Amino acid sequence: MKSNPKKLIVIVGPTATGKTRLAVKLARKLQGEIISADSRQVYRGMDIGTGKDLAEYGFSSPPARGGVRGGGSASGAKFGPKQVPYHLIDIISPKTQFNVAKYQKLAYRAIAEAQKANKLPFLVGGTGLYVDSVVKGYIFHNFQFSIFNFQKIRKELDQLTLKQLLAKLKKIDSETHKIIDQKNRRRVQRALEIYYETGRKKSDQQEMSKPDLDILILGVKFPLEKIYAKIDSRLEARIKEGMIKEIKKLRRQGVSWKRLDEFGLEYRYVSRYLRELLTYNEMLEQLKMAIHHFAKRQLTWFRRNKEIIWIDNAKTAETMIKRFLRK
């Protein structure tokens, strides 16, 4: 199927819902390329813990740094019939700082490269901030926050009272403070989150500029209880696959304990186990719970976006995409 150069398919959802597997399946059928929207898969050497699963794309190992068309490989590379080109995986060292502004720039470049090759770009991932930066067209001004800093800030905001949030908003964005519904905690906190997401106040958000793309956003729907069960079984499989050895290797390569802690989830709790701050069983149980909470936060984030169409099977997704491409 020929790709319309203005079309972009976005597939989102919480962790462990199979969104990457779905996107790769659809990309094979529709001559597509995957642009990852995962804040940790950009890092080299973080393979098992982030679930890169390159075999799903048809590769036994990374074919080139950063992907298979851009990021260091030659444009116009040839691929086997079952290989799906991907972008923004394995592009930087885990010792290097990365943020959403850098991600957005690379994602737009990857989308353009896919379209130039007459391929249908699929933006796929669970990092809502990265997805929104692309589909909403955030304009960044000397933006320095990393996704990990933002997650920490958001957690801190969750702990504040409405009165404390309002005081913070008044200091950061007095114009929004004047007109916002000061009894609506969700809106007050969201105004603060916009500042930490974009580096700009909500009152200045008219500088957002949506990209010149026709976008279809699909969300992979699963009951939360099933997601939790998948998380638990997947975690145990990853440990058997060698996730602890992977994190030991990162340490030998010079990645600090502090940096591993910043990456959160698997890297945080396994590093605590390796430092003997947790027993093996404590690490396993606390990590399962942390990933459960993470999945719930992802779902909350995506549910805010009313443009997402929620689907629960590949057939429905394919039908909707084909209908969208015919428009």
# chains A, B, ... in the order shown; residues from 1 in each chain; ligands from 1

call {"tool": "residues_around", "arguments": {"residues": "segment 38-52 of chain A", "least_positions_apart": "6", "cutoff": "6 Å", "atoms": "only C-alpha atoms", "output": "ChimeraX atom specification"}}
result
/A:88-94,125,127,243,266

call {"tool": "select_by_dssp", "arguments": {"residues": "segment 47-272 of chain A", "states": "strand (DSSP E)", "output": "MDAnalysis selection string"}}
result
chainID A and resid 66:67 86:89 120:125 214:220

call {"tool": "residues_around", "arguments": {"residues": "Leu192 of chain A", "least_positions_apart": "3", "cutoff": "10 Å", "atoms": "only C-alpha atoms", "output": "PyMOL selection string"}}
result
chain A and resi 153-154+157+165-166+168-170+172-173+176+187-189+195-197+200-202

call {"tool": "atom_distance", "arguments": {"atom1": "atom CA of Phe122 of chain A", "atom2": "atom CA of Ile231 of chain A"}}
result
24.0 Å

call {"tool": "closest_residue", "arguments": {"among": "A:Gln83, A:Ser36, A:Gln159, A:Ser146", "to": "Ala110 of chain A", "atoms": "only C-alpha atoms"}}
result
A:Ser36

call {"tool": "closest_residue", "arguments": {"among": "A:Arg185, A:Arg259, A:Lys322, A:Lys306", "to": "Asn149 of chain A", "atoms": "only C-alpha atoms"}}
result
A:Arg259

call {"tool": "residues_around", "arguments": {"residues": "Tyr130 of chain A", "least_positions_apart": "4", "cutoff": "12 Å", "atoms": "only C-alpha atoms", "output": "PyMOL selection string"}}
result
chain A and resi 10+12+35-40+42+88+98-108+123-126+134-138+146-147+150+197-198+301-302

call {"tool": "write_last_selection", "arguments": {"atoms": "N, CA and C atoms", "output": "CSV table (one decimal), in the first residue's frame"}}
result
chain,number,residue,atom,x,y,z
A,10,VAL,N,-0.4,6.5,15.0
A,10,VAL,CA,0.2,6.4,16.4
A,10,VAL,C,-0.5,5.3,17.1
A,12,VAL,N,-0.6,3.7,21.0
A,12,VAL,CA,-0.1,3.9,22.3
A,12,VAL,C,-0.8,2.9,23.3
A,35,ILE,N,8.6,4.2,14.5
A,35,ILE,CA,9.4,5.2,15.3
A,35,ILE,C,9.0,5.0,16.7
A,36,SER,N,10.0,4.5,17.5
A,36,SER,CA,9.8,4.2,18.9
A,36,SER,C,9.5,5.5,19.7
A,37,ALA,N,8.5,5.4,20.6
A,37,ALA,CA,8.3,6.5,21.6
A,37,ALA,C,8.4,6.0,23.0
A,38,ASP,N,9.6,5.5,23.3
A,38,ASP,CA,9.9,4.9,24.6
A,38,ASP,C,11.2,5.6,25.1
A,39,SER,N,11.0,6.2,26.3
A,39,SER,CA,12.1,7.0,26.8
A,39,SER,C,13.3,6.3,27.2
A,40,ARG,N,13.2,4.9,27.4
A,40,ARG,CA,14.4,4.2,27.8
A,40,ARG,C,15.0,3.3,26.6
A,42,VAL,N,15.8,4.3,23.9
A,42,VAL,CA,16.8,5.1,23.1
A,42,VAL,C,18.2,4.7,23.5
A,88,LEU,N,15.0,5.3,16.4
A,88,LEU,CA,15.1,5.8,17.8
A,88,LEU,C,15.1,4.7,18.9
A,98,PHE,N,19.3,12.8,28.0
A,98,PHE,CA,18.4,12.9,26.8
A,98,PHE,C,17.1,13.5,27.3
A,99,ASN,N,16.4,14.3,26.5
A,99,ASN,CA,15.2,14.8,26.9
A,99,ASN,C,14.2,14.9,25.8
A,100,VAL,N,13.0,15.3,26.1
A,100,VAL,CA,11.9,15.3,25.2
A,100,VAL,C,12.1,16.2,24.0
A,101,ALA,N,12.8,17.3,24.2
A,101,ALA,CA,13.0,18.2,23.1
A,101,ALA,C,13.9,17.6,22.0
A,102,LYS,N,15.0,16.9,22.5
A,102,LYS,CA,15.8,16.1,21.6
A,102,LYS,C,15.1,15.0,20.9
A,103,TYR,N,14.2,14.3,21.7
A,103,TYR,CA,13.4,13.3,21.1
A,103,TYR,C,12.5,13.8,20.0
A,104,GLN,N,11.8,14.9,20.2
A,104,GLN,CA,10.9,15.4,19.2
A,104,GLN,C,11.6,15.7,17.9
A,105,LYS,N,12.8,16.3,18.0
A,105,LYS,CA,13.5,16.6,16.8
A,105,LYS,C,13.9,15.4,16.0
A,106,LEU,N,14.4,14.3,16.7
A,106,LEU,CA,14.7,13.1,16.0
A,106,LEU,C,13.5,12.4,15.5
A,107,ALA,N,12.4,12.4,16.2
A,107,ALA,CA,11.2,11.8,15.8
A,107,ALA,C,10.6,12.4,14.5
A,108,TYR,N,10.6,13.7,14.4
A,108,TYR,CA,10.2,14.4,13.2
A,108,TYR,C,11.1,14.0,12.0
A,123,LEU,N,4.2,5.7,14.9
A,123,LEU,CA,4.8,6.2,16.1
A,123,LEU,C,4.2,5.3,17.2
A,124,VAL,N,5.1,4.6,17.9
A,124,VAL,CA,4.6,3.6,18.8
A,124,VAL,C,5.4,3.6,20.2
A,125,GLY,N,4.6,3.7,21.3
A,125,GLY,CA,5.2,3.6,22.6
A,125,GLY,C,4.3,4.0,23.7
A,126,GLY,N,4.9,3.9,24.9
A,126,GLY,CA,4.1,4.2,26.1
A,126,GLY,C,4.5,5.4,26.8
A,134,VAL,N,5.2,15.1,19.8
A,134,VAL,CA,5.2,14.9,18.4
A,134,VAL,C,3.8,15.3,17.8
A,135,VAL,N,2.7,14.7,18.4
A,135,VAL,CA,1.4,14.9,17.8
A,135,VAL,C,0.8,16.3,18.1
A,136,LYS,N,1.2,16.9,19.3
A,136,LYS,CA,0.7,18.2,19.6
A,136,LYS,C,1.6,19.3,19.2
A,137,GLY,N,2.9,19.0,18.8
A,137,GLY,CA,3.8,20.0,18.3
A,137,GLY,C,4.3,20.9,19.3
A,138,TYR,N,4.7,20.4,20.5
A,138,TYR,CA,5.2,21.3,21.5
A,138,TYR,C,6.4,22.2,21.0
A,146,SER,N,14.5,16.2,31.7
A,146,SER,CA,14.5,14.9,31.1
A,146,SER,C,13.2,14.2,31.5
A,147,ILE,N,12.8,13.1,30.8
A,147,ILE,CA,11.6,12.4,31.2
A,147,ILE,C,11.7,11.9,32.6
A,150,PHE,N,10.9,14.7,34.9
A,150,PHE,CA,9.5,15.0,34.9
A,150,PHE,C,8.7,14.0,35.7
A,197,GLU,N,6.4,19.8,31.3
A,197,GLU,CA,6.5,19.1,30.1
A,197,GLU,C,7.2,19.9,29.0
A,198,THR,N,6.9,21.1,28.9
A,198,THR,CA,7.3,21.9,27.7
A,198,THR,C,8.3,23.0,28.0
A,301,TRP,N,-2.7,9.0,31.8
A,301,TRP,CA,-2.2,9.9,30.9
A,301,TRP,C,-2.9,9.8,29.5
A,302,PHE,N,-3.0,8.6,29.0
A,302,PHE,CA,-3.6,8.5,27.6
A,302,PHE,C,-5.1,8.7,27.6

call {"tool": "residues_around", "arguments": {"residues": "segment 287-295 of chain A", "least_positions_apart": "4", "cutoff": "6 Å", "atoms": "only C-alpha atoms", "output": "JSON list (two decimals) with N, CA and C atoms, in the first residue's frame"}}
result
[["chain", "number", "residue", "atom", "x", "y", "z"],
["A", 14, "PRO", "N", -0.58, 1.34, 27.78],
["A", 14, "PRO", "CA", 0.29, 1.01, 28.91],
["A", 14, "PRO", "C", 1.27, -0.11, 28.56],
["A", 15, "THR", "N", 2.27, -0.29, 29.39],
["A", 15, "THR", "CA", 3.22, -1.36, 29.23],
["A", 15, "THR", "C", 2.53, -2.72, 29.28],
["A", 228, "TYR", "N", -1.74, -6.28, 34.74],
["A", 228, "TYR", "CA", -0.92, -6.62, 35.91],
["A", 228, "TYR", "C", -0.39, -8.06, 35.81],
["A", 283, "MET", "N", 13.04, -7.25, 46.15],
["A", 283, "MET", "CA", 13.22, -6.61, 44.84],
["A", 283, "MET", "C", 12.12, -7.01, 43.88]]

call {"tool": "atom_distance", "arguments": {"atom1": "atom CA of Glu276 of chain A", "atom2": "atom CA of Phe263 of chain A"}}
result
18.6 Å

call {"tool": "residues_around", "arguments": {"residues": "Gly219 of chain A", "least_positions_apart": "2", "cutoff": "8 Å", "atoms": "only C-alpha atoms", "output": "list in words"}}
result
Ile11, Val12, Gly13, Ile217, Lys221, Ile308, Ile309, Trp310 and Ile311 of chain A

call {"tool": "select_by_dssp", "arguments": {"residues": "segment 271-311 of chain A", "states": "alpha helix (DSSP H)", "output": "tab-separated table (two decimals) with C-alpha atoms, in the first residue's frame"}}
result
chain	number	residue	atom	x	y	z
A	271	SER	CA	20.45	-1.95	41.29
A	272	ARG	CA	19.14	-1.75	44.86
A	273	TYR	CA	19.25	-5.54	45.02
A	274	LEU	CA	22.82	-5.55	43.70
A	280	TYR	CA	15.84	-10.85	45.94
A	281	ASN	CA	12.22	-11.42	46.99
A	282	GLU	CA	11.84	-7.81	48.16
A	283	MET	CA	13.22	-6.61	44.84
A	284	LEU	CA	10.82	-8.80	42.90
A	285	GLU	CA	7.71	-7.81	44.84
A	286	GLN	CA	8.51	-4.10	45.00
A	287	LEU	CA	9.36	-4.03	41.30
A	288	LYS	CA	6.10	-5.74	40.33
A	289	MET	CA	4.16	-3.17	42.36
A	290	ALA	CA	6.13	-0.27	40.86
A	291	ILE	CA	5.42	-1.46	37.30
A	292	HIS	CA	1.73	-1.88	38.18
A	293	HIS	CA	1.63	1.75	39.34
A	294	PHE	CA	3.53	2.83	36.23
A	295	ALA	CA	1.00	1.11	33.95
A	296	LYS	CA	-1.86	2.80	35.78
A	297	ARG	CA	-0.20	6.22	35.39
A	298	GLN	CA	0.30	5.56	31.67
A	299	LEU	CA	-3.37	4.70	31.30
A	300	THR	CA	-4.38	7.88	33.16
A	301	TRP	CA	-2.17	9.95	30.86
A	302	PHE	CA	-3.57	8.49	27.64
A	303	ARG	CA	-7.18	8.67	28.80

call {"tool": "atom_distance", "arguments": {"atom1": "atom CA of Thr17 of chain A", "atom2": "atom CA of Ala317 of chain A"}}
result
14.1 Å
